[in-house]
Amino acid sequence: MSDAAVRPADLSDAAEIARIQRETWHAAYEDLLGKQALAELDAADLVGTWTETIDYPGSLVYVATEGEFTVGFCVAGRAPEGEVAAADGSLPEDAEATGLIATLLVEPRWGRRGHAGRLLATTAAGLRADGAGRGIAWVAQGDHASLGFYRRAGWNPDGTVRTLDTGERMLREVRLTGTLDLALA
């Protein structure tokens with residue numbers, strides 16, 4: 001394997017992040033999201049969206065590289081109240097110190113090489129430096145690879161679920177939570 005690394009994203013990474021999102025969603029999530037949601041993703045200005053996200057204050061965006069290739073990315077930040085609240089709307093005591101892993105994607109062809117673990121560990125360190133004490137992530141209930149990854153990192157479902165409408169089907173997600181004190185390879 002070539003040199004693998006994780007670094008903060010800069011504005012020049014927006015196009016690659018958009019490409020990785022499109023290709024990964026098409027390869028891994030068509031059955032979960034449906035063709036209509038993927039068609040809308042293809043029509044969206046993802047480069048513009050990712051440029052804004054990278055530049056947004058408080059947003060942590062990292063890219064994983066292997067040699068000269070960008071192979072994955074992670075975006076995180078402080079968890080908004082609606083993301084960290086219990087099903088009844090109540091907030092946990094640590095709501096203000098909870099980080100949200102909003103997206104963590106590695107292109108399937110680059111999988112099983114440690115990129116996701118390095119992305120999560122680096123992002124967790126960034127969230128800790130920003131004052132977060134624990135993290136959460138929403139994962140599709142049918143995404144067994146991502147659920148397994150987070151469980152191996154010590155993150156587990158906290159009993160909260162939500163259902164999203166993709167326009168073609170309903171997508172059930174479970175919220176996972178875990179420590180940000182990670183040392184993944």
# chains A, B, ... in the order shown; residues from 1 in each chain; ligands from 1
$ select_by_dssp --residues "chain A" --states "helix (DSSP H, G or I)" --output "VMD selection string"
chain A and resid 11 to 28 30 to 33 35 to 43 46 to 55 81 to 84 95 to 97 108 to 110 115 to 129 144 to 152
$ residues_around --residues "A:Gly117" --least-positions-apart "3" --cutoff "12 Å" --atoms "only C-alpha atoms" --output "ChimeraX atom specification"
/A:4-6,64,72-74,104-106,111-114,120-124,146,148-154,182-185
$ write_last_selection --atoms "C-alpha atoms" --output "short mmCIF file (atom, residue, chain, number, x, y, z; two decimals), in the first residue's frame"
data_model
loop_
_atom_site.label_atom_id
_atom_site.label_comp_id
_atom_site.auth_asym_id
_atom_site.auth_seq_id
_atom_site.Cartn_x
_atom_site.Cartn_y
_atom_site.Cartn_z
CA ALA A 4 -1.84 6.57 3.55
CA ALA A 5 -2.69 9.76 5.38
CA VAL A 6 -5.50 11.97 6.61
CA ALA A 64 -8.04 10.36 3.40
CA GLY A 72 -12.41 9.13 1.39
CA PHE A 73 -13.59 11.96 3.57
CA CYS A 74 -15.26 12.76 6.87
CA LEU A 104 -17.77 9.33 6.72
CA LEU A 105 -17.25 7.75 3.31
CA VAL A 106 -14.45 5.75 1.72
CA GLY A 111 -12.01 -0.15 1.49
CA ARG A 112 -10.47 -2.49 4.05
CA ARG A 113 -7.21 -0.54 4.06
CA GLY A 114 -7.68 1.42 7.30
CA LEU A 120 -12.63 8.58 12.40
CA ALA A 121 -9.64 8.83 14.75
CA THR A 122 -8.45 12.10 13.22
CA THR A 123 -11.96 13.57 13.27
CA ALA A 124 -12.46 12.45 16.87
CA SER A 146 -20.88 0.97 8.50
CA GLY A 148 -19.92 -3.00 11.97
CA PHE A 149 -17.20 -0.38 11.53
CA TYR A 150 -18.59 1.88 14.24
CA ARG A 151 -19.17 -1.07 16.59
CA ARG A 152 -15.54 -2.15 16.16
CA ALA A 153 -14.60 1.42 17.15
CA GLY A 154 -16.64 1.00 20.34
CA LEU A 182 -9.92 6.78 19.72
CA ALA A 183 -6.58 5.54 18.51
CA LEU A 184 -7.52 3.66 15.35
CA ALA A 185 -4.92 2.86 12.76
#
$ residues_around --residues "A:Thr98" --least-positions-apart "4" --cutoff "8 Å" --atoms "only C-alpha atoms" --output "list in words"
Arg78, Ala79, Val84, Asp94, Ala132, Gly133, Arg134, Gly135 and Ile136 of chain A
$ write_last_selection --atoms "all heavy atoms" --output "CSV table (one decimal), in the first residue's frame"
chain,number,residue,atom,x,y,z
A,78,ARG,N,-20.0,20.2,15.9
A,78,ARG,CA,-20.8,20.1,17.1
A,78,ARG,C,-22.2,19.6,16.7
A,78,ARG,O,-22.7,20.0,15.7
A,78,ARG,CB,-21.0,21.4,17.8
A,78,ARG,CG,-19.7,21.9,18.5
A,78,ARG,CD,-19.4,20.9,19.6
A,78,ARG,NE,-18.2,21.4,20.3
A,78,ARG,CZ,-18.2,21.8,21.6
A,78,ARG,NH1,-19.3,21.9,22.2
A,78,ARG,NH2,-17.1,22.2,22.1
A,79,ALA,N,-22.7,18.7,17.5
A,79,ALA,CA,-24.1,18.1,17.1
A,79,ALA,C,-25.1,19.1,17.4
A,79,ALA,O,-25.2,19.6,18.5
A,79,ALA,CB,-24.3,16.8,18.0
A,84,VAL,N,-28.9,15.4,18.7
A,84,VAL,CA,-28.5,14.8,19.9
A,84,VAL,C,-29.6,14.5,20.9
A,84,VAL,O,-29.5,13.8,21.8
A,84,VAL,CB,-27.3,15.6,20.6
A,84,VAL,CG1,-27.9,16.8,21.2
A,84,VAL,CG2,-26.6,14.8,21.6
A,94,ASP,N,-24.8,16.3,28.4
A,94,ASP,CA,-23.6,16.6,27.6
A,94,ASP,C,-23.9,17.1,26.2
A,94,ASP,O,-23.1,17.1,25.3
A,94,ASP,CB,-22.7,15.4,27.6
A,94,ASP,CG,-23.2,14.3,26.8
A,94,ASP,OD1,-24.4,14.2,26.4
A,94,ASP,OD2,-22.4,13.4,26.5
A,132,ALA,N,-15.5,18.7,22.5
A,132,ALA,CA,-16.5,17.6,22.5
A,132,ALA,C,-16.0,16.5,23.4
A,132,ALA,O,-14.8,16.2,23.4
A,132,ALA,CB,-16.8,17.1,21.1
A,133,GLY,N,-16.9,15.8,24.1
A,133,GLY,CA,-16.5,14.7,25.0
A,133,GLY,C,-17.0,13.3,24.4
A,133,GLY,O,-16.4,12.3,24.8
A,134,ARG,N,-18.0,13.4,23.6
A,134,ARG,CA,-18.4,12.1,23.0
A,134,ARG,C,-19.0,12.4,21.6
A,134,ARG,O,-19.2,13.6,21.2
A,134,ARG,CB,-19.5,11.4,23.8
A,134,ARG,CG,-20.9,11.9,23.7
A,134,ARG,CD,-21.9,11.1,24.5
A,134,ARG,NE,-23.1,11.8,24.6
A,134,ARG,CZ,-24.2,11.6,23.8
A,134,ARG,NH1,-24.2,10.6,23.0
A,134,ARG,NH2,-25.3,12.3,24.0
A,135,GLY,N,-19.2,11.4,20.8
A,135,GLY,CA,-19.7,11.6,19.4
A,135,GLY,C,-20.9,10.8,19.1
A,135,GLY,O,-21.2,9.8,19.8
A,136,ILE,N,-21.6,11.2,18.1
A,136,ILE,CA,-22.8,10.5,17.6
A,136,ILE,C,-22.6,10.4,16.1
A,136,ILE,O,-22.0,11.2,15.5
A,136,ILE,CB,-24.1,11.1,18.0
A,136,ILE,CG1,-24.2,12.5,17.5
A,136,ILE,CG2,-24.3,11.1,19.5
A,136,ILE,CD1,-25.6,13.1,17.6
$ atom_distance --atom1 "atom CA of A:Asp181" --atom2 "atom CA of A:Ala97"
13.7 Å
$ residues_around --residues "A:Glu173" --least-positions-apart "2" --cutoff "9 Å" --atoms "only C-alpha atoms" --output "ChimeraX atom specification"
/A:138-142,160-164,171,175
$ residues_around --residues "A:Val61" --least-positions-apart "6" --cutoff "7 Å" --atoms "only C-alpha atoms" --output "number ranges by chain"
A: 8-9, 54, 74-76
$ atom_distance --atom1 "atom CA of A:Leu33" --atom2 "atom CA of A:His144"
14.6 Å
$ residues_around --residues "A:Ala14" --least-positions-apart "3" --cutoff "9 Å" --atoms "only C-alpha atoms" --output "PyMOL selection string"
chain A and resi 9-11+17-19+46-54
$ write_last_selection --atoms "C-alpha atoms" --output "PDB file, in the first residue's frame"
ATOM      1  CA  ALA A   9      -9.627  19.356   3.509  1.00  0.00           C
ATOM      2  CA  ASP A  10      -9.136  22.625   1.688  1.00  0.00           C
ATOM      3  CA  LEU A  11     -11.308  24.258  -0.946  1.00  0.00           C
ATOM      4  CA  ILE A  17     -15.216  14.946  -2.195  1.00  0.00           C
ATOM      5  CA  ALA A  18     -18.256  15.398  -4.466  1.00  0.00           C
ATOM      6  CA  ARG A  19     -16.963  12.665  -6.807  1.00  0.00           C
ATOM      7  CA  LEU A  46     -22.230  18.998  -4.854  1.00  0.00           C
ATOM      8  CA  VAL A  47     -18.987  20.837  -5.538  1.00  0.00           C
ATOM      9  CA  GLY A  48     -20.643  24.063  -4.395  1.00  0.00           C
ATOM     10  CA  THR A  49     -22.132  22.346  -1.369  1.00  0.00           C
ATOM     11  CA  TRP A  50     -18.777  20.859  -0.360  1.00  0.00           C
ATOM     12  CA  THR A  51     -16.995  24.182  -0.932  1.00  0.00           C
ATOM     13  CA  GLU A  52     -19.431  25.828   1.488  1.00  0.00           C
ATOM     14  CA  THR A  53     -19.067  22.970   3.987  1.00  0.00           C
ATOM     15  CA  ILE A  54     -15.262  23.101   3.974  1.00  0.00           C
TER      16      ILE A  54
END
$ closest_residue --among "A:Val71, A:Leu147, A:Ala95, A:Ala125" --to "A:Trp110" --atoms "only C-alpha atoms"
A:Val71
$ closest_residue --among "A:Arg172, A:Arg22, A:His115, A:Arg7" --to "A:Asp45" --atoms "only C-alpha atoms"
A:Arg22
$ select_by_dssp --residues "stretch 8-175 of chain A" --states "strand (DSSP E)" --output "ChimeraX atom specification"
/A:8,60-66,69-78,98-106,134-140,156-165,170-175
